[in-house]
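Visitor: Data: query_26.cif, mmCIF, C-alpha atoms.
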data_start
#
loop_
_atom_site.label_atom_id
_atom_site.label_comp_id
_atom_site.auth_asym_id
_atom_site.auth_seq_id
_atom_site.Cartn_x
_atom_site.Cartn_y
_atom_site.Cartn_z
CA MET Q 1 36.22 12.12 55.27
CA THR Q 2 39.03 13.01 52.88
CA PRO Q 3 38.37 13.44 49.13
CA ALA Q 4 37.24 10.31 47.31
CA ALA Q 5 39.78 8.05 45.67
CA VAL Q 6 40.33 8.76 41.97
CA VAL Q 7 37.87 6.33 40.38
CA PRO Q 8 36.39 7.19 36.98
CA GLY Q 9 32.91 8.64 37.42
CA ALA Q 10 29.84 7.97 35.31
CA LEU Q 11 30.56 11.11 33.25
CA ASP Q 12 34.24 10.29 32.76
CA GLY Q 13 35.38 11.66 29.39
CA LEU Q 14 32.70 14.36 29.15
CA VAL Q 15 34.40 17.71 28.50
CA VAL Q 16 32.53 20.72 29.90
CA LEU Q 17 33.47 24.36 29.30
CA ASP Q 18 32.24 26.29 32.32
CA LEU Q 19 31.61 30.01 31.81
CA THR Q 20 29.44 30.32 34.90
CA ARG Q 21 29.73 32.55 37.95
CA MET Q 22 28.03 33.23 41.28
CA LEU Q 23 26.13 30.20 42.70
CA ALA Q 24 23.59 28.60 40.34
CA GLY Q 25 25.81 27.98 37.32
CA PRO Q 26 28.90 26.82 39.23
CA TYR Q 27 26.74 24.47 41.32
CA ALA Q 28 25.36 22.87 38.14
CA THR Q 29 28.84 22.29 36.71
CA MET Q 30 30.02 21.08 40.13
CA MET Q 31 27.36 18.37 39.94
CA LEU Q 32 28.76 17.27 36.59
CA ALA Q 33 32.32 17.38 37.91
CA ASP Q 34 31.37 15.35 40.98
CA GLN Q 35 30.28 12.56 38.63
CA GLY Q 36 33.54 12.57 36.72
CA ALA Q 37 33.11 15.17 33.96
CA HIS Q 38 36.23 17.14 33.02
CA VAL Q 39 34.98 20.63 33.86
CA ILE Q 40 37.19 23.48 32.67
CA LYS Q 41 36.29 26.68 34.47
CA ILE Q 42 37.01 29.62 32.15
CA GLU Q 43 37.65 32.74 34.23
CA PRO Q 44 38.31 36.32 33.17
CA PRO Q 45 41.73 37.81 33.93
CA GLY Q 46 41.86 38.32 37.68
CA GLY Q 47 39.60 35.37 38.33
CA ASP Q 48 35.99 34.79 39.27
CA LEU Q 49 34.87 37.59 41.58
CA THR Q 50 33.33 35.09 44.01
CA ARG Q 51 36.87 34.06 44.98
CA ARG Q 52 36.78 37.14 47.19
CA ASN Q 53 33.76 35.92 49.15
CA GLY Q 54 34.44 34.54 52.61
CA PRO Q 55 34.71 33.04 54.98
CA HIS Q 56 38.46 32.64 54.62
CA PRO Q 57 40.10 30.17 57.03
CA ASP Q 58 43.14 31.51 58.87
CA GLY Q 59 46.11 31.60 56.52
CA ALA Q 60 44.11 30.79 53.38
CA LEU Q 61 45.20 32.46 50.18
CA LYS Q 62 43.33 35.67 49.35
CA ILE Q 63 42.25 36.86 45.93
CA GLY Q 64 45.46 38.80 45.30
CA GLU Q 65 47.33 35.53 45.56
CA ARG Q 66 44.87 33.76 43.25
CA GLY Q 67 43.27 32.03 46.20
CA PHE Q 68 39.72 31.45 47.24
CA GLY Q 69 37.35 31.57 50.20
CA GLY Q 70 34.97 28.93 51.44
CA TYR Q 71 32.14 30.00 49.09
CA PHE Q 72 34.23 29.46 45.96
CA ALA Q 73 35.95 26.35 47.27
CA SER Q 74 32.69 24.57 48.06
CA ILE Q 75 31.08 24.80 44.61
CA ASN Q 76 34.14 24.71 42.34
CA ARG Q 77 35.82 21.53 43.58
CA ASN Q 78 36.86 18.91 41.03
CA LYS Q 79 37.32 21.57 38.31
CA ASP Q 80 40.27 22.87 36.32
CA SER Q 81 40.74 26.62 35.83
CA ILE Q 82 42.00 28.61 32.88
CA THR Q 83 41.94 32.36 32.38
CA LEU Q 84 40.74 33.79 29.07
CA ASP Q 85 39.79 37.31 28.04
CA LEU Q 86 36.74 36.83 25.82
CA LYS Q 87 36.59 40.53 25.02
CA LYS Q 88 39.70 40.21 22.85
CA PRO Q 89 39.63 38.65 19.35
CA ALA Q 90 42.34 36.17 20.30
CA GLY Q 91 40.31 35.16 23.36
CA LYS Q 92 37.22 34.49 21.24
CA ALA Q 93 39.26 32.53 18.74
CA THR Q 94 40.73 30.48 21.59
CA LEU Q 95 37.28 29.64 22.95
CA LEU Q 96 36.14 28.53 19.48
CA ARG Q 97 39.06 26.10 19.35
CA LEU Q 98 38.11 24.74 22.75
CA VAL Q 99 34.47 24.42 21.70
CA HIS Q 100 35.50 22.36 18.69
CA LYS Q 101 36.62 19.54 21.00
CA ALA Q 102 34.20 20.02 23.90
CA ASP Q 103 30.95 18.22 24.62
CA VAL Q 104 29.19 20.89 26.70
CA LEU Q 105 29.32 24.62 27.29
CA VAL Q 106 27.48 26.13 30.27
CA GLU Q 107 26.92 29.85 30.89
CA ASN Q 108 24.65 31.91 33.12
CA TYR Q 109 25.06 35.42 31.78
CA ARG Q 110 22.05 37.62 31.19
CA ALA Q 111 20.32 37.10 27.83
CA GLY Q 112 22.28 38.62 24.95
CA VAL Q 113 25.72 38.78 26.57
CA MET Q 114 27.20 35.87 24.62
CA GLU Q 115 25.67 37.21 21.41
CA ARG Q 116 27.32 40.60 21.96
CA LEU Q 117 30.61 38.79 22.39
CA GLY Q 118 30.03 37.05 19.08
CA LEU Q 119 29.86 33.69 20.87
CA GLY Q 120 26.15 32.90 20.92
CA TYR Q 121 24.63 29.46 20.53
CA GLU Q 122 24.27 29.70 16.74
CA VAL Q 123 27.96 30.54 16.34
CA LEU Q 124 29.16 27.76 18.63
CA ILE Q 125 26.84 25.06 17.29
CA ALA Q 126 28.15 25.84 13.78
CA GLU Q 127 31.65 25.25 15.11
CA ASN Q 128 30.63 21.97 16.80
CA PRO Q 129 27.23 20.53 15.79
CA ARG Q 130 27.28 18.00 18.64
CA LEU Q 131 27.79 20.67 21.30
CA VAL Q 132 25.29 20.82 24.16
CA TYR Q 133 24.95 24.52 25.00
CA ALA Q 134 23.32 25.06 28.40
CA ALA Q 135 22.10 28.42 29.67
CA LEU Q 136 20.73 29.28 33.09
CA ARG Q 137 19.05 32.67 33.45
CA GLY Q 138 16.61 34.27 35.85
CA PHE Q 139 13.67 34.15 33.45
CA GLY Q 140 15.01 31.86 30.76
CA ASP Q 141 16.32 32.46 27.28
CA PRO Q 142 14.11 34.07 24.62
CA ARG Q 143 14.88 31.18 22.25
CA SER Q 144 12.46 28.95 24.15
CA GLY Q 145 9.96 31.57 25.29
CA ALA Q 146 10.46 35.32 25.48
CA SER Q 147 9.47 36.23 29.02
CA PRO Q 148 8.42 39.84 29.63
CA TYR Q 149 11.11 39.77 32.36
CA ALA Q 150 13.85 38.32 30.13
CA ASN Q 151 16.13 41.31 30.67
CA TRP Q 152 15.64 41.57 34.42
CA PRO Q 153 18.63 40.60 36.57
CA ALA Q 154 17.73 37.85 39.01
CA TYR Q 155 19.24 36.26 42.06
CA GLY Q 156 18.07 33.36 44.19
CA PRO Q 157 15.66 35.32 46.40
CA VAL Q 158 13.97 36.78 43.30
CA ALA Q 159 13.42 33.27 41.98
CA GLN Q 160 12.05 32.22 45.37
CA ALA Q 161 9.66 35.17 45.36
CA MET Q 162 8.34 34.88 41.80
CA GLY Q 163 8.51 31.08 41.56
CA GLY Q 164 5.99 30.65 44.38
CA ILE Q 165 8.00 29.01 47.13
CA MET Q 166 8.29 32.15 49.24
CA GLY Q 167 4.56 32.75 49.06
CA ILE Q 168 3.75 29.44 50.75
CA THR Q 169 6.53 29.65 53.34
CA GLY Q 170 6.12 31.42 56.66
CA ALA Q 171 6.23 30.76 60.38
CA VAL Q 172 2.53 31.50 60.87
CA PRO Q 173 -0.24 30.12 58.65
CA GLY Q 174 -1.64 33.06 56.71
CA GLY Q 175 1.18 35.30 57.95
CA PRO Q 176 3.96 37.08 56.03
CA PRO Q 177 6.10 35.11 53.57
CA THR Q 178 9.61 34.00 54.44
CA LYS Q 179 12.74 33.36 52.38
CA ILE Q 180 13.98 29.76 52.50
CA GLY Q 181 17.31 29.59 54.35
CA PRO Q 182 19.59 27.88 51.79
CA GLY Q 183 19.79 29.28 48.27
CA VAL Q 184 17.13 27.09 46.71
CA GLY Q 185 16.44 29.81 44.13
CA ASP Q 186 19.91 28.99 42.77
CA LEU Q 187 20.42 25.35 43.73
CA VAL Q 188 17.16 23.97 42.39
CA PRO Q 189 17.67 25.55 38.93
CA ALA Q 190 21.26 24.29 39.01
CA THR Q 191 20.05 20.75 39.64
CA PHE Q 192 17.56 20.97 36.76
CA LEU Q 193 20.30 22.30 34.49
CA ALA Q 194 22.65 19.42 35.31
CA TYR Q 195 19.76 17.01 34.63
CA GLY Q 196 19.05 18.74 31.31
CA VAL Q 197 22.70 18.58 30.29
CA ALA Q 198 22.89 14.85 31.07
CA ALA Q 199 19.70 14.22 29.04
CA ALA Q 200 20.94 16.26 26.07
CA CYS Q 201 24.34 14.53 26.15
CA TRP Q 202 22.64 11.13 26.01
CA ARG Q 203 20.84 12.20 22.83
CA ALA Q 204 23.98 13.79 21.35
CA GLN Q 205 25.90 10.59 21.97
CA ARG Q 206 23.40 8.61 19.89
CA SER Q 207 22.52 11.19 17.23
CA GLY Q 208 25.65 13.31 16.94
CA GLN Q 209 23.46 16.38 17.31
CA GLY Q 210 23.75 18.86 20.14
CA GLN Q 211 21.10 21.32 21.27
CA PHE Q 212 20.27 24.35 23.38
CA VAL Q 213 19.34 23.59 27.01
CA ASP Q 214 17.49 26.45 28.71
CA VAL Q 215 16.57 26.61 32.40
CA SER Q 216 14.85 29.58 34.01
CA MET Q 217 15.51 30.00 37.72
CA VAL Q 218 11.91 31.10 38.30
CA ASP Q 219 10.53 28.16 36.29
CA ALA Q 220 12.64 25.70 38.25
CA VAL Q 221 11.35 27.01 41.58
CA LEU Q 222 7.76 26.77 40.32
CA ALA Q 223 8.40 23.15 39.26
CA LEU Q 224 9.50 22.48 42.83
CA CYS Q 225 6.19 23.97 44.01
CA GLU Q 226 4.06 21.53 42.00
CA ARG Q 227 1.56 21.17 44.85
CA LEU Q 228 0.83 24.89 44.71
CA VAL Q 229 -0.17 24.56 41.06
CA PHE Q 230 -2.57 21.66 41.30
CA GLN Q 231 -4.11 22.95 44.52
CA TYR Q 232 -4.96 26.28 42.91
CA SER Q 233 -6.16 24.53 39.75
CA VAL Q 234 -8.63 22.44 41.74
CA SER Q 235 -9.82 24.99 44.30
CA GLY Q 236 -9.17 28.39 42.78
CA VAL Q 237 -7.81 29.42 46.18
CA ALA Q 238 -4.17 30.52 46.29
CA PRO Q 239 -2.27 28.71 49.07
CA GLY Q 240 -0.49 31.03 51.51
CA PRO Q 241 2.21 30.57 54.14
CA GLU Q 242 1.66 27.23 55.85
CA GLY Q 243 3.68 27.55 59.02
CA ASN Q 244 5.50 24.42 60.10
CA GLY Q 245 2.63 22.07 59.34
CA HIS Q 246 1.09 20.59 56.20
CA PRO Q 247 -2.26 21.74 54.79
CA LEU Q 248 -3.37 18.22 53.89
CA LEU Q 249 -1.84 16.07 56.66
CA CYS Q 250 -2.01 16.08 60.47
CA PRO Q 251 0.04 15.81 62.60
CA PHE Q 252 2.84 16.74 60.25
CA GLY Q 253 5.50 19.33 61.03
CA LEU Q 254 7.68 20.74 63.80
CA PHE Q 255 7.06 20.19 67.49
CA ALA Q 256 8.93 21.51 70.49
CA ALA Q 257 11.06 19.18 72.61
CA LYS Q 258 12.72 19.91 75.95
CA ASP Q 259 15.96 20.83 74.23
CA GLY Q 260 14.96 22.01 70.77
CA PHE Q 261 12.60 20.91 68.04
CA VAL Q 262 11.75 17.72 66.19
CA SER Q 263 10.11 16.99 62.87
CA LEU Q 264 7.34 14.44 63.18
CA GLY Q 265 4.97 13.31 60.46
CA VAL Q 266 1.96 11.04 60.12
CA PRO Q 267 1.53 10.79 56.35
CA ASN Q 268 -1.21 8.14 56.65
CA ASP Q 269 -3.43 6.57 59.27
CA ARG Q 270 -1.27 3.53 59.92
CA PHE Q 271 1.32 5.71 61.66
CA TRP Q 272 -1.28 7.36 63.89
CA VAL Q 273 -1.97 4.15 65.81
CA PRO Q 274 1.62 3.54 67.03
CA LEU Q 275 2.06 7.25 67.77
CA ALA Q 276 -1.04 7.22 69.97
CA HIS Q 277 0.37 4.22 71.85
CA ARG Q 278 3.84 5.82 72.21
CA MET Q 279 2.18 8.88 73.71
CA GLY Q 280 0.34 6.68 76.22
CA ARG Q 281 -2.99 7.67 74.69
CA PRO Q 282 -4.17 4.49 72.84
CA ALA Q 283 -7.78 5.70 72.85
CA LEU Q 284 -6.82 8.40 70.35
CA ALA Q 285 -6.31 5.70 67.72
CA ILE Q 286 -10.03 4.86 67.68
CA ASP Q 287 -11.52 8.20 68.65
CA PRO Q 288 -13.62 9.29 65.62
CA ARG Q 289 -12.30 12.84 65.98
CA TYR Q 290 -8.74 11.67 65.34
CA ALA Q 291 -8.81 8.17 63.83
CA SER Q 292 -8.57 9.33 60.20
CA ASN Q 293 -6.39 11.95 58.57
CA ASP Q 294 -9.42 13.89 57.35
CA ALA Q 295 -10.76 14.02 60.90
CA ARG Q 296 -7.39 15.08 62.30
CA VAL Q 297 -7.12 17.88 59.73
CA GLN Q 298 -10.58 19.08 60.84
CA HIS Q 299 -9.38 19.05 64.47
CA ARG Q 300 -5.85 20.26 63.70
CA ALA Q 301 -5.48 22.59 66.70
CA GLU Q 302 -6.48 19.86 69.15
CA VAL Q 303 -4.21 17.24 67.57
CA GLU Q 304 -1.20 19.54 67.45
CA ALA Q 305 -1.77 20.56 71.08
CA ILE Q 306 -1.91 16.91 72.15
CA VAL Q 307 1.20 15.89 70.22
CA GLY Q 308 3.10 19.07 71.08
CA GLY Q 309 2.29 18.74 74.75
CA TRP Q 310 3.73 15.25 74.76
CA THR Q 311 6.93 16.03 72.79
CA ALA Q 312 7.65 19.04 75.03
CA ARG Q 313 8.04 16.71 78.00
CA HIS Q 314 10.92 14.81 76.37
CA THR Q 315 14.36 15.57 74.97
CA LYS Q 316 15.21 15.04 71.32
CA ALA Q 317 17.25 11.98 72.24
CA GLU Q 318 14.37 10.49 74.24
CA LEU Q 319 11.96 11.08 71.38
CA ALA Q 320 14.39 9.49 68.94
CA GLN Q 321 14.53 6.41 71.17
CA MET Q 322 10.73 6.19 71.33
CA LEU Q 323 9.89 7.05 67.72
CA GLY Q 324 12.91 6.44 65.53
CA GLY Q 325 12.46 3.56 63.11
CA ASP Q 326 8.71 3.29 63.62
CA ILE Q 327 7.26 6.72 62.87
CA PRO Q 328 8.61 9.35 60.44
CA PHE Q 329 10.73 11.43 62.79
CA GLY Q 330 13.91 13.45 62.99
CA PRO Q 331 15.46 15.97 65.38
CA VAL Q 332 16.16 19.45 64.02
CA PHE Q 333 19.93 19.50 63.62
CA SER Q 334 22.23 22.50 63.82
CA ALA Q 335 25.49 22.56 61.86
CA ALA Q 336 27.27 21.38 65.03
CA ASP Q 337 24.86 18.43 65.33
CA ILE Q 338 25.51 17.50 61.68
CA PHE Q 339 29.28 17.51 62.22
CA GLU Q 340 28.87 15.25 65.26
CA ASP Q 341 26.29 12.81 63.92
CA PRO Q 342 27.77 9.55 62.51
CA HIS Q 343 25.33 9.41 59.56
CA PHE Q 344 27.03 12.22 57.67
CA ARG Q 345 30.54 10.83 58.09
CA ILE Q 346 29.50 7.31 57.12
CA ARG Q 347 27.71 8.65 54.03
CA GLU Q 348 30.72 10.85 53.14
CA MET Q 349 28.66 14.02 53.21
CA LEU Q 350 31.35 15.94 55.12
CA VAL Q 351 34.52 15.97 53.04
CA GLU Q 352 37.81 17.58 53.99
CA THR Q 353 39.62 19.38 51.16
CA GLU Q 354 42.91 21.19 50.94
CA GLN Q 355 42.72 24.95 51.51
CA PRO Q 356 46.01 26.37 50.19
CA GLY Q 357 47.84 28.28 52.89
CA ALA Q 358 45.38 27.41 55.64
CA ALA Q 359 46.44 25.60 58.79
CA ARG Q 360 43.68 23.03 58.46
CA PRO Q 361 41.49 21.55 55.71
CA LEU Q 362 38.19 23.03 54.66
CA THR Q 363 35.14 20.80 55.09
CA VAL Q 364 32.61 20.93 52.25
CA ALA Q 365 29.34 19.12 51.62
CA GLY Q 366 29.73 15.92 49.62
CA THR Q 367 27.51 14.65 46.82
CA PRO Q 368 24.29 12.82 47.74
CA VAL Q 369 24.34 10.86 44.45
CA ARG Q 370 26.02 7.53 45.11
CA MET Q 371 26.73 4.94 42.40
CA SER Q 372 28.01 1.44 43.02
CA GLN Q 373 30.34 1.13 40.02
CA THR Q 374 31.22 4.77 39.34
CA PRO Q 375 31.16 6.50 42.72
CA GLY Q 376 31.05 10.24 42.43
CA GLY Q 377 32.39 12.54 45.08
CA VAL Q 378 34.86 15.24 45.98
CA ARG Q 379 38.20 14.22 44.53
CA ARG Q 380 40.21 17.44 44.75
CA ARG Q 381 40.05 21.04 45.87
CA ALA Q 382 38.82 23.95 43.80
CA PRO Q 383 41.48 25.34 41.45
CA LEU Q 384 43.59 28.44 41.84
CA THR Q 385 42.96 31.11 39.23
CA GLY Q 386 44.35 29.90 35.91
CA GLU Q 387 46.05 26.95 37.56
CA HIS Q 388 45.51 24.75 34.51
CA THR Q 389 45.71 27.29 31.67
CA ASP Q 390 48.87 26.04 30.02
CA SER Q 391 48.20 22.33 30.48
CA THR Q 392 44.61 22.65 29.22
CA LEU Q 393 45.53 24.61 26.11
CA ALA Q 394 48.31 22.14 25.37
CA ALA Q 395 45.85 19.24 25.70
CA PHE Q 396 43.56 20.99 23.19
CA GLY Q 397 46.37 21.21 20.63
CA PHE Q 398 47.83 24.66 21.26
CA ALA Q 399 51.55 24.84 20.54
CA PRO Q 400 53.91 26.33 23.15
CA ALA Q 401 54.50 29.35 20.91
CA GLU Q 402 50.74 29.96 20.66
CA ILE Q 403 50.35 29.78 24.43
CA ALA Q 404 53.27 32.18 24.88
CA ALA Q 405 51.71 34.61 22.39
CA LEU Q 406 48.37 34.53 24.20
CA ARG Q 407 50.14 35.22 27.46
CA ALA Q 408 52.14 38.06 25.95
CA ASP Q 409 48.93 39.64 24.64
CA GLN Q 410 47.39 39.24 28.14
CA VAL Q 411 44.63 37.08 26.70
CA ILE Q 412 45.55 34.48 29.33
CA GLN Q 413 47.36 34.89 32.64
#
Can I see the file as structure tokens?

Guide:
Amino acid sequence: MTPAAVVPGALDGLVVLDLTRMLAGPYATMMLADQGAHVIKIEPPGGDLTRRNGPHPDGALKIGERGFGGYFASINRNKDSITLDLKKPAGKATLLRLVHKADVLVENYRAGVMERLGLGYEVLIAENPRLVYAALRGFGDPRSGASPYANWPAYGPVAQAMGGIMGITGAVPGGPPTKIGPGVGDLVPATFLAYGVAAACWRAQRSGQGQFVDVSMVDAVLALCERLVFQYSVSGVAPGPEGNGHPLLCPFGLFAAKDGFVSLGVPNDRFWVPLAHRMGRPALAIDPRYASNDARVQHRAEVEAIVGGWTARHTKAELAQMLGGDIPFGPVFSAADIFEDPHFRIREMLVETEQPGAARPLTVAGTPVRMSQTPGGVRRRAPLTGEHTDSTLAAFGFAPAEIAALRADQVIQ
């Protein structure tokens, strides 16, 4: 699919100043931009360092040409870019003028960085009392709870480790922990931050009062692991790596097929009966050892051997024909499978965007949030470094002479 037609999104008119970098912060502001917010990415002179990260399609612009690789392009689509040196007095003054007319500011620096720049929450909220100031840090901001780890740097795998998700993930039950493949330590906090911003903006719209929105990466991962919390609260036993099954349901997990693996789940007893019949073993549906979920959990090894032995005799396509639509089921897809499967094209989850200089477009993941009247989506490519500096400053009331002076002082590029 090509980028979505320009239709105003649900957040049309919301002005967001984006001071974020790396993955978590830019993903949060990308979510806002996908739903129509005007996100202005404020980059230091030379641009966001993640522009250097690959892969770079053949012919694509490199960082020296103010270009970007696939990493940057994927999570910074739908945004404008301006350059601004916040270490210079004129740069700080420029940001304050932007804040005066903005609705939201998002940053994911370590605690204290904005304060050292003289641009902390208290300074900005005095400039614009309706501003929603959102911060995403590894262990949160001391304003809403001073973690003993507040000054630790954190990346996604650290959040996975300390937030609990890594401790319950592993190929073998009771075995060593495993990192989750995608960057959930970044993406889950980003999603919570976008949710928090939307909630705070709703209140600001009605009350005229902004507020500080604080999301800790570690806290967000723990919130995702809610089952871990209540299980330990009830039993006092810390859950460990669970393999590819489920500690409370059976059968539920991954099973081998002739040509790969499938995910198959029986979340309640009513699905066990048709599965037993599909396997050609109808007696299993009434056998007291397997008829209820509690009984199947007690006989987990036997149940998984029976189901796994049956799935291994069939291809993924054959299993889809026998189970799809009746029993919770799905083949394990590779990236190639995803690109070939019609679901993802129909749902506009694979979107082609311009990649300046490249011979062909770059495909990025679309937005899963679909709205009937204000459809979100990928409307345009990520910006070049400072591509919108002059036009943005002009829209915020800067005179041509002021813009020229900022450029002469190398406050902007």

Visitor: For Q:Leu350, which residue out of Q:Leu384, Q:Pro331, Q:Val213, Q:Val378 is the nearest one, using all atoms listed in the file?

Guide: Q:Val378

Visitor: Report the closest atom pair, with its distance in Å rounded to one decimal, for each residue of stretch 225-325 of chain Q that has an atom no farther than 7 Å from stretch 168-179 of chain Q; count all atoms listed in the file, sort by chain and then rising residue number, and write it as a tab-separated table.

Guide:
residue	atom	partner	partner_atom	distance
Q:Pro239	CA	Q:Ile168	CA	6.3
Q:Gly240	CA	Q:Ile168	CA	4.6
Q:Pro241	CA	Q:Ile168	CA	3.9
Q:Glu242	CA	Q:Pro173	CA	4.4
Q:Gly243	CA	Q:Ala171	CA	4.3
Q:Asn244	CA	Q:Ala171	CA	6.4

Visitor: If the PyMOL selection byres ((chain Q and resi 157) around 12) were run on this exact file, what residues would it hold? Put them as a ChimeraX atom specification.

Guide: /Q:138,153-156,158-167,177-187,217-218,221

Visitor: Apply the PyMOL selection byres ((chain Q and resi 386) around 6) to the file shown and report the selected residues as a PyMOL selection string.

Guide: chain Q and resi 81-83+385+387-389

Visitor: Translate the PyMOL selection byres ((chain Q and resi 258) around 12) into a concrete residue list for this structure, as a list in words.

Guide: Phe255, Ala256, Ala257, Asp259, Gly260, Phe261, Val262, Gly308, Gly309, Trp310, Thr311, Ala312, Arg313, His314, Thr315, Lys316, Ala317, Glu318, Leu319 and Pro331 of chain Q

Visitor: Name all residues at most 6 Å from stretch 115-128 of chain Q (count only C-alpha atoms; drop same-chain ones fewer than 3 positions away) and give them as a list in words.

Guide: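 These residues fall inside the cut-off: His100, Gly112 and Leu131 of chain Q.
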
Visitor: Emit the selected residues as a tab-separated table (two decimals), keeping the file's coordinate frame, including C-alpha atoms.

Guide:
chain	number	residue	atom	x	y	z
Q	100	HIS	CA	35.50	22.36	18.69
Q	112	GLY	CA	22.28	38.62	24.95
Q	131	LEU	CA	27.79	20.67	21.30

Visitor: Please identify all polymer residues within 8 Å of Q:Pro356, counting all atoms listed in the file, omitting same-chain residues fewer than 2 positions from it, and present them as a list in words.

Guide: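 Here the answer would be Ala60, Leu61, Gly67, Glu354 and Ala358 of chain Q.
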
Visitor: So what do you get for atom CA of Q:Pro383 versus atom CA of Q:Ala200, distance-wise?

Guide: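 Taking atom CA of Q:Pro383 and atom CA of Q:Ala200, their separation equals 27.2 Å.
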
Visitor: Between atom CA of Q:Pro189 and atom CA of Q:Arg137, what is the spacing in Å?

Guide: 9.1 Å

Visitor: Kindly give the distance, in Å, that separates atom CA of Q:Val369 and atom CA of Q:Gly253, rounded to a single decimal.

Guide: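 Distance reported for this atom pair: 26.5 Å.
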
Visitor: Can you pull out the residues contacting stretch 304-306 of chain Q? Cut-off 12 Å, using only C-alpha atoms, and skip same-chain residues under 2 positions away; I want them as an mmCIF file with C-alpha atoms, in the frame of the given file.

Guide:
data_model
loop_
_atom_site.group_PDB
_atom_site.id
_atom_site.type_symbol
_atom_site.label_atom_id
_atom_site.label_comp_id
_atom_site.auth_asym_id
_atom_site.auth_seq_id
_atom_site.Cartn_x
_atom_site.Cartn_y
_atom_site.Cartn_z
ATOM 1 C CA ASN Q 244 5.500 24.420 60.100
ATOM 2 C CA GLY Q 245 2.630 22.070 59.340
ATOM 3 C CA HIS Q 246 1.090 20.590 56.200
ATOM 4 C CA LEU Q 249 -1.840 16.070 56.660
ATOM 5 C CA CYS Q 250 -2.010 16.080 60.470
ATOM 6 C CA PRO Q 251 0.040 15.810 62.600
ATOM 7 C CA PHE Q 252 2.840 16.740 60.250
ATOM 8 C CA GLY Q 253 5.500 19.330 61.030
ATOM 9 C CA LEU Q 254 7.680 20.740 63.800
ATOM 10 C CA PHE Q 255 7.060 20.190 67.490
ATOM 11 C CA ALA Q 256 8.930 21.510 70.490
ATOM 12 C CA LEU Q 264 7.340 14.440 63.180
ATOM 13 C CA GLY Q 265 4.970 13.310 60.460
ATOM 14 C CA VAL Q 266 1.960 11.040 60.120
ATOM 15 C CA LEU Q 275 2.060 7.250 67.770
ATOM 16 C CA ALA Q 276 -1.040 7.220 69.970
ATOM 17 C CA MET Q 279 2.180 8.880 73.710
ATOM 18 C CA GLY Q 280 0.340 6.680 76.220
ATOM 19 C CA ARG Q 281 -2.990 7.670 74.690
ATOM 20 C CA LEU Q 284 -6.820 8.400 70.350
ATOM 21 C CA TYR Q 290 -8.740 11.670 65.340
ATOM 22 C CA ARG Q 296 -7.390 15.080 62.300
ATOM 23 C CA VAL Q 297 -7.120 17.880 59.730
ATOM 24 C CA GLN Q 298 -10.580 19.080 60.840
ATOM 25 C CA HIS Q 299 -9.380 19.050 64.470
ATOM 26 C CA ARG Q 300 -5.850 20.260 63.700
ATOM 27 C CA ALA Q 301 -5.480 22.590 66.700
ATOM 28 C CA GLU Q 302 -6.480 19.860 69.150
ATOM 29 C CA GLY Q 308 3.100 19.070 71.080
ATOM 30 C CA GLY Q 309 2.290 18.740 74.750
ATOM 31 C CA TRP Q 310 3.730 15.250 74.760
ATOM 32 C CA THR Q 311 6.930 16.030 72.790
ATOM 33 C CA ALA Q 312 7.650 19.040 75.030
ATOM 34 C CA ARG Q 313 8.040 16.710 78.000
#

Visitor: Give the answer as one residue: which of Q:Leu23, Q:Ala394, Q:Ile327, Q:Ala134 has the shortest atom-to-atom distance to Q:Tyr195, using all atoms listed in the file?

Guide: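 Counting all atoms listed in the file, the residue closest to Q:Tyr195 is Q:Ala134.
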
Visitor: Would you mind telling me which residue in Q:Phe396, Q:Met371, Q:Leu86, Q:Asn76 lies nearest to Q:Val113 when using only C-alpha atoms?

Guide: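 Of all the options, Q:Leu86 lies closest to Q:Val113.
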
Visitor: Find, counting only C-alpha atoms, the residue in Q:Leu96, Q:Ala190, Q:Ala146, Q:Ile286 that gets nearest to Q:Thr20.

Guide: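 Looking only at the distances to Q:Thr20, the closest residue turns out to be Q:Ala190.
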
Visitor: Using only C-alpha atoms, which of Q:Val16, Q:Val104, Q:Leu98, Q:Cys225 sits nearest Q:Gln209?

Guide: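 Of all the options, Q:Val104 lies closest to Q:Gln209.
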
Visitor: Residues near Q:Arg360, anyone? I mean within 12 Å using all atoms listed in the file, not counting same-chain ones fewer than 2 positions away, as number ranges by chain.

Guide: Q: 56-60, 352-358, 362-363

Visitor: For the residues in that selection, give me C-alpha atoms as a PDB file, in the coordinates of the input.

Guide:
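Generated output (out.pdb):
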ATOM      1  CA  HIS Q  56      38.460  32.640  54.620  1.00  0.00           C
ATOM      2  CA  PRO Q  57      40.100  30.170  57.030  1.00  0.00           C
ATOM      3  CA  ASP Q  58      43.140  31.510  58.870  1.00  0.00           C
ATOM      4  CA  GLY Q  59      46.110  31.600  56.520  1.00  0.00           C
ATOM      5  CA  ALA Q  60      44.110  30.790  53.380  1.00  0.00           C
ATOM      6  CA  GLU Q 352      37.810  17.580  53.990  1.00  0.00           C
ATOM      7  CA  THR Q 353      39.620  19.380  51.160  1.00  0.00           C
ATOM      8  CA  GLU Q 354      42.910  21.190  50.940  1.00  0.00           C
ATOM      9  CA  GLN Q 355      42.720  24.950  51.510  1.00  0.00           C
ATOM     10  CA  PRO Q 356      46.010  26.370  50.190  1.00  0.00           C
ATOM     11  CA  GLY Q 357      47.840  28.280  52.890  1.00  0.00           C
ATOM     12  CA  ALA Q 358      45.380  27.410  55.640  1.00  0.00           C
ATOM     13  CA  LEU Q 362      38.190  23.030  54.660  1.00  0.00           C
ATOM     14  CA  THR Q 363      35.140  20.800  55.090  1.00  0.00           C
TER      15      THR Q 363
END
